[in-house]
Amino acid sequence: MNWIEITSDNQFEEALKKSESETVVFFKHSTRCSISSSALNRIERNFKPTENVNWLFLDLIKYRTISNLMADTLNIEHQSPQVLVVKDRACIFSESHYGISFDEVISNAV
């Protein structure tokens with residue numbers, strides 16, 4: 001699985017623009033959390049490439065300000081770990097912790 005890592009506010013804004021024509025999935029990961037590592041592993045283990053779905057990764061420890069920007073912009077509560085499915089600049093699906101599964105994410109993304 002080839003994640004696109006988000007490391008700047010500009011990249012987040014570019015991803016929102018991309019969501020106007022394609023689905024964007026954000027995975028917000030805490031490198032200090034075993035639940036987050038488990039959720040990431042479940043996504044990666046079950047991953048199947050899907051056209052027009054962009055997979056973006058945010059390291060919450062390094063880039064907490066970007067996570068805060070996501071929460072404010074998309075009007076969602078910050079969670080860790082958290083997966084967000086975004087279409088047309090709006091979060092249409094959000095899940096966190098042990099609720100994160102590839103099948104549920106992809107069913108909301110396509």
# chains A, B, ... in the order shown; residues from 1 in each chain; ligands from 1
>>> residues_around(residues="stretch 82-87 of chain A", least_positions_apart="4", cutoff="10 Å", atoms="only C-alpha atoms", output="ChimeraX atom specification")
/A:15-30,36,39-40,43,53-58,70,74,76-78,91-102,105-106,108-110
>>> select_by_dssp(residues="stretch 45-99 of chain A", states="helix (DSSP H, G or I)", output="JSON list (two decimals) with all heavy atoms, in the first residue's frame")
[["chain", "number", "residue", "atom", "x", "y", "z"],
["A", 45, "ARG", "N", -3.50, -4.71, 5.66],
["A", 45, "ARG", "CA", -3.61, -6.15, 5.42],
["A", 45, "ARG", "C", -4.76, -6.47, 4.47],
["A", 45, "ARG", "O", -4.69, -7.41, 3.68],
["A", 45, "ARG", "CB", -3.79, -6.86, 6.76],
["A", 45, "ARG", "CG", -3.73, -8.36, 6.70],
["A", 45, "ARG", "CD", -3.83, -9.02, 8.07],
["A", 45, "ARG", "NE", -5.09, -8.69, 8.73],
["A", 45, "ARG", "CZ", -5.18, -8.06, 9.91],
["A", 45, "ARG", "NH1", -4.11, -7.71, 10.58],
["A", 45, "ARG", "NH2", -6.35, -7.81, 10.45],
["A", 46, "ASN", "N", -5.82, -5.69, 4.52],
["A", 46, "ASN", "CA", -7.01, -5.95, 3.70],
["A", 46, "ASN", "C", -7.11, -5.07, 2.48],
["A", 46, "ASN", "O", -8.07, -5.16, 1.72],
["A", 46, "ASN", "CB", -8.27, -5.78, 4.56],
["A", 46, "ASN", "CG", -8.33, -6.83, 5.65],
["A", 46, "ASN", "OD1", -8.43, -8.01, 5.36],
["A", 46, "ASN", "ND2", -8.23, -6.40, 6.90],
["A", 64, "ARG", "N", 0.32, 17.40, 14.52],
["A", 64, "ARG", "CA", -0.95, 17.59, 15.24],
["A", 64, "ARG", "C", -1.69, 18.84, 14.76],
["A", 64, "ARG", "O", -2.92, 18.86, 14.73],
["A", 64, "ARG", "CB", -0.68, 17.67, 16.75],
["A", 64, "ARG", "CG", -1.91, 17.89, 17.60],
["A", 64, "ARG", "CD", -2.94, 16.78, 17.39],
["A", 64, "ARG", "NE", -4.22, 17.11, 17.98],
["A", 64, "ARG", "CZ", -4.66, 16.63, 19.11],
["A", 64, "ARG", "NH1", -3.93, 15.79, 19.80],
["A", 64, "ARG", "NH2", -5.84, 16.98, 19.57],
["A", 65, "THR", "N", -0.96, 19.87, 14.36],
["A", 65, "THR", "CA", -1.64, 21.09, 13.90],
["A", 65, "THR", "C", -2.45, 20.83, 12.62],
["A", 65, "THR", "O", -3.51, 21.41, 12.43],
["A", 65, "THR", "CB", -0.64, 22.24, 13.65],
["A", 65, "THR", "OG1", 0.32, 21.82, 12.68],
["A", 65, "THR", "CG2", 0.05, 22.67, 14.93],
["A", 66, "ILE", "N", -1.97, 19.91, 11.78],
["A", 66, "ILE", "CA", -2.72, 19.56, 10.57],
["A", 66, "ILE", "C", -3.98, 18.79, 10.97],
["A", 66, "ILE", "O", -5.06, 19.00, 10.40],
["A", 66, "ILE", "CB", -1.86, 18.76, 9.57],
["A", 66, "ILE", "CG1", -0.66, 19.59, 9.13],
["A", 66, "ILE", "CG2", -2.70, 18.34, 8.36],
["A", 66, "ILE", "CD1", 0.37, 18.81, 8.31],
["A", 67, "SER", "N", -3.87, 17.93, 11.95],
["A", 67, "SER", "CA", -5.05, 17.21, 12.44],
["A", 67, "SER", "C", -6.09, 18.18, 12.98],
["A", 67, "SER", "O", -7.28, 18.02, 12.75],
["A", 67, "SER", "CB", -4.65, 16.21, 13.53],
["A", 67, "SER", "OG", -5.79, 15.54, 14.01],
["A", 68, "ASN", "N", -5.62, 19.18, 13.71],
["A", 68, "ASN", "CA", -6.54, 20.20, 14.22],
["A", 68, "ASN", "C", -7.21, 20.96, 13.07],
["A", 68, "ASN", "O", -8.41, 21.25, 13.13],
["A", 68, "ASN", "CB", -5.81, 21.18, 15.14],
["A", 68, "ASN", "CG", -5.35, 20.54, 16.42],
["A", 68, "ASN", "OD1", -5.84, 19.47, 16.81],
["A", 68, "ASN", "ND2", -4.39, 21.15, 17.08],
["A", 69, "LEU", "N", -6.44, 21.27, 12.03],
["A", 69, "LEU", "CA", -6.99, 21.93, 10.85],
["A", 69, "LEU", "C", -8.05, 21.04, 10.19],
["A", 69, "LEU", "O", -9.11, 21.53, 9.80],
["A", 69, "LEU", "CB", -5.88, 22.26, 9.86],
["A", 69, "LEU", "CG", -6.30, 22.89, 8.54],
["A", 69, "LEU", "CD1", -6.97, 24.24, 8.76],
["A", 69, "LEU", "CD2", -5.08, 23.03, 7.62],
["A", 70, "MET", "N", -7.79, 19.75, 10.10],
["A", 70, "MET", "CA", -8.77, 18.82, 9.54],
["A", 70, "MET", "C", -10.07, 18.85, 10.35],
["A", 70, "MET", "O", -11.16, 18.92, 9.78],
["A", 70, "MET", "CB", -8.23, 17.39, 9.56],
["A", 70, "MET", "CG", -7.21, 17.08, 8.52],
["A", 70, "MET", "SD", -6.71, 15.34, 8.73],
["A", 70, "MET", "CE", -5.62, 15.19, 7.33],
["A", 71, "ALA", "N", -9.93, 18.77, 11.65],
["A", 71, "ALA", "CA", -11.11, 18.77, 12.52],
["A", 71, "ALA", "C", -11.93, 20.04, 12.33],
["A", 71, "ALA", "O", -13.15, 19.98, 12.20],
["A", 71, "ALA", "CB", -10.69, 18.61, 13.98],
["A", 72, "ASP", "N", -11.26, 21.18, 12.30],
["A", 72, "ASP", "CA", -11.96, 22.46, 12.13],
["A", 72, "ASP", "C", -12.59, 22.56, 10.74],
["A", 72, "ASP", "O", -13.75, 22.94, 10.61],
["A", 72, "ASP", "CB", -11.00, 23.64, 12.34],
["A", 72, "ASP", "CG", -10.54, 23.77, 13.78],
["A", 72, "ASP", "OD1", -11.19, 23.19, 14.68],
["A", 72, "ASP", "OD2", -9.53, 24.46, 14.00],
["A", 73, "THR", "N", -11.83, 22.23, 9.71],
["A", 73, "THR", "CA", -12.30, 22.38, 8.34],
["A", 73, "THR", "C", -13.45, 21.43, 8.03],
["A", 73, "THR", "O", -14.43, 21.82, 7.36],
["A", 73, "THR", "CB", -11.15, 22.14, 7.34],
["A", 73, "THR", "OG1", -10.08, 23.05, 7.64],
["A", 73, "THR", "CG2", -11.60, 22.33, 5.91],
["A", 74, "LEU", "N", -13.33, 20.19, 8.48],
["A", 74, "LEU", "CA", -14.33, 19.17, 8.15],
["A", 74, "LEU", "C", -15.43, 19.06, 9.21],
["A", 74, "LEU", "O", -16.34, 18.24, 9.09],
["A", 74, "LEU", "CB", -13.65, 17.82, 7.95],
["A", 74, "LEU", "CG", -12.64, 17.77, 6.80],
["A", 74, "LEU", "CD1", -11.86, 16.46, 6.83],
["A", 74, "LEU", "CD2", -13.34, 17.97, 5.47],
["A", 97, "HIS", "N", -10.63, 4.15, 16.33],
["A", 97, "HIS", "CA", -10.22, 3.03, 17.17],
["A", 97, "HIS", "C", -10.52, 1.68, 16.52],
["A", 97, "HIS", "O", -10.23, 1.48, 15.35],
["A", 97, "HIS", "CB", -10.83, 3.18, 18.56],
["A", 97, "HIS", "CG", -10.35, 4.42, 19.26],
["A", 97, "HIS", "ND1", -10.96, 5.65, 19.06],
["A", 97, "HIS", "CD2", -9.33, 4.63, 20.10],
["A", 97, "HIS", "CE1", -10.32, 6.56, 19.77],
["A", 97, "HIS", "NE2", -9.32, 5.97, 20.41],
["A", 98, "TYR", "N", -11.13, 0.77, 17.27],
["A", 98, "TYR", "CA", -11.37, -0.58, 16.76],
["A", 98, "TYR", "C", -12.52, -0.64, 15.76],
["A", 98, "TYR", "O", -12.76, -1.68, 15.16],
["A", 98, "TYR", "CB", -11.62, -1.56, 17.91],
["A", 98, "TYR", "CG", -10.36, -1.86, 18.69],
["A", 98, "TYR", "CD1", -10.23, -1.50, 20.02],
["A", 98, "TYR", "CD2", -9.27, -2.49, 18.09],
["A", 98, "TYR", "CE1", -9.07, -1.76, 20.73],
["A", 98, "TYR", "CE2", -8.11, -2.75, 18.78],
["A", 98, "TYR", "CZ", -8.03, -2.40, 20.11],
["A", 98, "TYR", "OH", -6.87, -2.65, 20.80],
["A", 99, "GLY", "N", -13.21, 0.46, 15.53],
["A", 99, "GLY", "CA", -14.26, 0.51, 14.53],
["A", 99, "GLY", "C", -13.73, 0.62, 13.11],
["A", 99, "GLY", "O", -14.48, 0.50, 12.15]]
>>> select_by_dssp(residues="chain A", states="strand (DSSP E or B)", output="ChimeraX atom specification")
/A:4-5,23-29,53-59,82-87,90-96
>>> residues_around(residues="stretch 8-10 of chain A", least_positions_apart="2", cutoff="8 Å", atoms="only C-alpha atoms", output="VMD selection string")
chain A and resid 6 12 to 14 63 66 69
>>> write_last_selection(atoms="all heavy atoms", output="compact mmCIF listing (two decimals), in the first residue's frame")
# COMPACT_ATOMS: atom_id res chain seq x y z
N ILE A 6 0.77 13.27 4.43
CA ILE A 6 0.43 14.69 4.56
C ILE A 6 1.38 15.30 5.58
O ILE A 6 1.45 14.85 6.73
CB ILE A 6 -1.03 14.87 5.06
CG1 ILE A 6 -2.02 14.25 4.08
CG2 ILE A 6 -1.34 16.33 5.31
CD1 ILE A 6 -2.10 14.94 2.76
N PHE A 12 -2.91 19.31 2.69
CA PHE A 12 -4.28 19.05 3.12
C PHE A 12 -5.26 19.82 2.23
O PHE A 12 -6.26 19.26 1.77
CB PHE A 12 -4.48 19.43 4.60
CG PHE A 12 -5.92 19.37 5.03
CD1 PHE A 12 -6.61 18.17 5.01
CD2 PHE A 12 -6.57 20.51 5.45
CE1 PHE A 12 -7.95 18.11 5.41
CE2 PHE A 12 -7.90 20.47 5.85
CZ PHE A 12 -8.58 19.27 5.83
N GLU A 13 -4.95 21.08 1.95
CA GLU A 13 -5.82 21.88 1.07
C GLU A 13 -5.88 21.28 -0.33
O GLU A 13 -6.96 21.25 -0.95
CB GLU A 13 -5.33 23.33 1.02
CG GLU A 13 -5.47 24.09 2.33
CD GLU A 13 -6.91 24.25 2.78
OE1 GLU A 13 -7.83 24.29 1.94
OE2 GLU A 13 -7.13 24.33 4.00
N GLU A 14 -4.76 20.79 -0.84
CA GLU A 14 -4.73 20.14 -2.16
C GLU A 14 -5.60 18.89 -2.15
O GLU A 14 -6.30 18.60 -3.13
CB GLU A 14 -3.30 19.80 -2.56
CG GLU A 14 -2.45 21.01 -2.91
CD GLU A 14 -0.97 20.66 -3.07
OE1 GLU A 14 -0.62 19.46 -3.15
OE2 GLU A 14 -0.16 21.61 -3.11
N TYR A 63 2.49 16.00 13.25
CA TYR A 63 1.68 17.02 12.56
C TYR A 63 0.32 17.22 13.21
O TYR A 63 -0.71 17.23 12.55
CB TYR A 63 1.52 16.65 11.08
CG TYR A 63 2.84 16.47 10.38
CD1 TYR A 63 3.31 15.20 10.05
CD2 TYR A 63 3.64 17.56 10.07
CE1 TYR A 63 4.53 15.03 9.43
CE2 TYR A 63 4.87 17.39 9.45
CZ TYR A 63 5.30 16.13 9.13
OH TYR A 63 6.52 15.96 8.52
N ILE A 66 -1.97 19.91 11.78
CA ILE A 66 -2.72 19.56 10.57
C ILE A 66 -3.98 18.79 10.97
O ILE A 66 -5.06 19.00 10.40
CB ILE A 66 -1.86 18.76 9.57
CG1 ILE A 66 -0.66 19.59 9.13
CG2 ILE A 66 -2.70 18.34 8.36
CD1 ILE A 66 0.37 18.81 8.31
N LEU A 69 -6.44 21.27 12.03
CA LEU A 69 -6.99 21.93 10.85
C LEU A 69 -8.05 21.04 10.19
O LEU A 69 -9.11 21.53 9.80
CB LEU A 69 -5.88 22.26 9.86
CG LEU A 69 -6.30 22.89 8.54
CD1 LEU A 69 -6.97 24.24 8.76
CD2 LEU A 69 -5.08 23.03 7.62
>>> atom_distance(atom1="atom CA of A:Ile35", atom2="atom CA of A:Phe47")
18.2 Å
>>> decode(residues="stretch 12-23 of chain A", atoms="all heavy atoms", output="CSV table (one decimal), in the first residue's frame")
chain,number,residue,atom,x,y,z
A,12,PHE,N,-2.9,19.3,2.7
A,12,PHE,CA,-4.3,19.1,3.1
A,12,PHE,C,-5.3,19.8,2.2
A,12,PHE,O,-6.3,19.3,1.8
A,12,PHE,CB,-4.5,19.4,4.6
A,12,PHE,CG,-5.9,19.4,5.0
A,12,PHE,CD1,-6.6,18.2,5.0
A,12,PHE,CD2,-6.6,20.5,5.5
A,12,PHE,CE1,-7.9,18.1,5.4
A,12,PHE,CE2,-7.9,20.5,5.8
A,12,PHE,CZ,-8.6,19.3,5.8
A,13,GLU,N,-5.0,21.1,1.9
A,13,GLU,CA,-5.8,21.9,1.1
A,13,GLU,C,-5.9,21.3,-0.3
A,13,GLU,O,-7.0,21.2,-1.0
A,13,GLU,CB,-5.3,23.3,1.0
A,13,GLU,CG,-5.5,24.1,2.3
A,13,GLU,CD,-6.9,24.3,2.8
A,13,GLU,OE1,-7.8,24.3,1.9
A,13,GLU,OE2,-7.1,24.3,4.0
A,14,GLU,N,-4.8,20.8,-0.8
A,14,GLU,CA,-4.7,20.1,-2.2
A,14,GLU,C,-5.6,18.9,-2.2
A,14,GLU,O,-6.3,18.6,-3.1
A,14,GLU,CB,-3.3,19.8,-2.6
A,14,GLU,CG,-2.5,21.0,-2.9
A,14,GLU,CD,-1.0,20.7,-3.1
A,14,GLU,OE1,-0.6,19.5,-3.2
A,14,GLU,OE2,-0.2,21.6,-3.1
A,15,ALA,N,-5.5,18.1,-1.1
A,15,ALA,CA,-6.4,16.9,-0.9
A,15,ALA,C,-7.9,17.3,-0.9
A,15,ALA,O,-8.7,16.6,-1.6
A,15,ALA,CB,-6.0,16.2,0.3
A,16,LEU,N,-8.2,18.4,-0.3
A,16,LEU,CA,-9.6,18.8,-0.3
A,16,LEU,C,-10.0,19.2,-1.7
A,16,LEU,O,-11.2,18.8,-2.1
A,16,LEU,CB,-9.8,20.0,0.6
A,16,LEU,CG,-9.8,19.7,2.1
A,16,LEU,CD1,-10.1,21.0,2.9
A,16,LEU,CD2,-10.9,18.7,2.5
A,17,LYS,N,-9.2,19.8,-2.4
A,17,LYS,CA,-9.5,20.2,-3.8
A,17,LYS,C,-9.7,18.9,-4.6
A,17,LYS,O,-10.6,18.8,-5.4
A,17,LYS,CB,-8.4,21.1,-4.4
A,17,LYS,CG,-8.6,21.4,-5.9
A,17,LYS,CD,-8.4,22.9,-6.1
A,17,LYS,CE,-8.7,23.3,-7.5
A,17,LYS,NZ,-10.1,23.3,-7.9
A,18,LYS,N,-8.8,17.9,-4.4
A,18,LYS,CA,-8.9,16.7,-5.2
A,18,LYS,C,-10.2,16.0,-4.8
A,18,LYS,O,-10.8,15.3,-5.7
A,18,LYS,CB,-7.7,15.8,-4.8
A,18,LYS,CG,-7.7,14.5,-5.6
A,18,LYS,CD,-6.4,13.8,-5.4
A,18,LYS,CE,-5.9,13.2,-6.7
A,18,LYS,NZ,-5.0,13.8,-7.5
A,19,SER,N,-10.7,16.2,-3.6
A,19,SER,CA,-12.0,15.5,-3.2
A,19,SER,C,-13.2,16.0,-4.0
A,19,SER,O,-14.2,15.4,-3.9
A,19,SER,CB,-12.2,15.7,-1.7
A,19,SER,OG,-12.8,17.0,-1.4
A,20,GLU,N,-13.0,17.1,-4.8
A,20,GLU,CA,-14.1,17.6,-5.6
A,20,GLU,C,-14.3,16.6,-6.8
A,20,GLU,O,-15.4,16.6,-7.4
A,20,GLU,CB,-13.8,19.0,-6.1
A,20,GLU,CG,-13.8,20.0,-5.0
A,20,GLU,CD,-13.3,21.3,-5.4
A,20,GLU,OE1,-13.0,21.6,-6.6
A,20,GLU,OE2,-13.1,22.2,-4.5
A,21,SER,N,-13.3,15.8,-7.2
A,21,SER,CA,-13.5,14.9,-8.3
A,21,SER,C,-13.2,13.5,-8.0
A,21,SER,O,-13.6,12.6,-8.7
A,21,SER,CB,-12.5,15.4,-9.4
A,21,SER,OG,-11.2,15.4,-9.0
A,22,GLU,N,-12.5,13.2,-6.9
A,22,GLU,CA,-12.2,11.8,-6.5
A,22,GLU,C,-12.4,11.7,-5.0
A,22,GLU,O,-12.3,12.7,-4.3
A,22,GLU,CB,-10.7,11.5,-6.8
A,22,GLU,CG,-10.5,11.5,-8.3
A,22,GLU,CD,-9.0,11.1,-8.7
A,22,GLU,OE1,-8.3,10.7,-7.8
A,22,GLU,OE2,-8.7,11.2,-9.8
A,23,THR,N,-12.5,10.5,-4.5
A,23,THR,CA,-12.6,10.3,-3.0
A,23,THR,C,-11.2,10.4,-2.4
A,23,THR,O,-10.2,9.9,-2.9
A,23,THR,CB,-13.2,8.9,-2.8
A,23,THR,OG1,-14.5,8.9,-3.4
A,23,THR,CG2,-13.4,8.7,-1.3
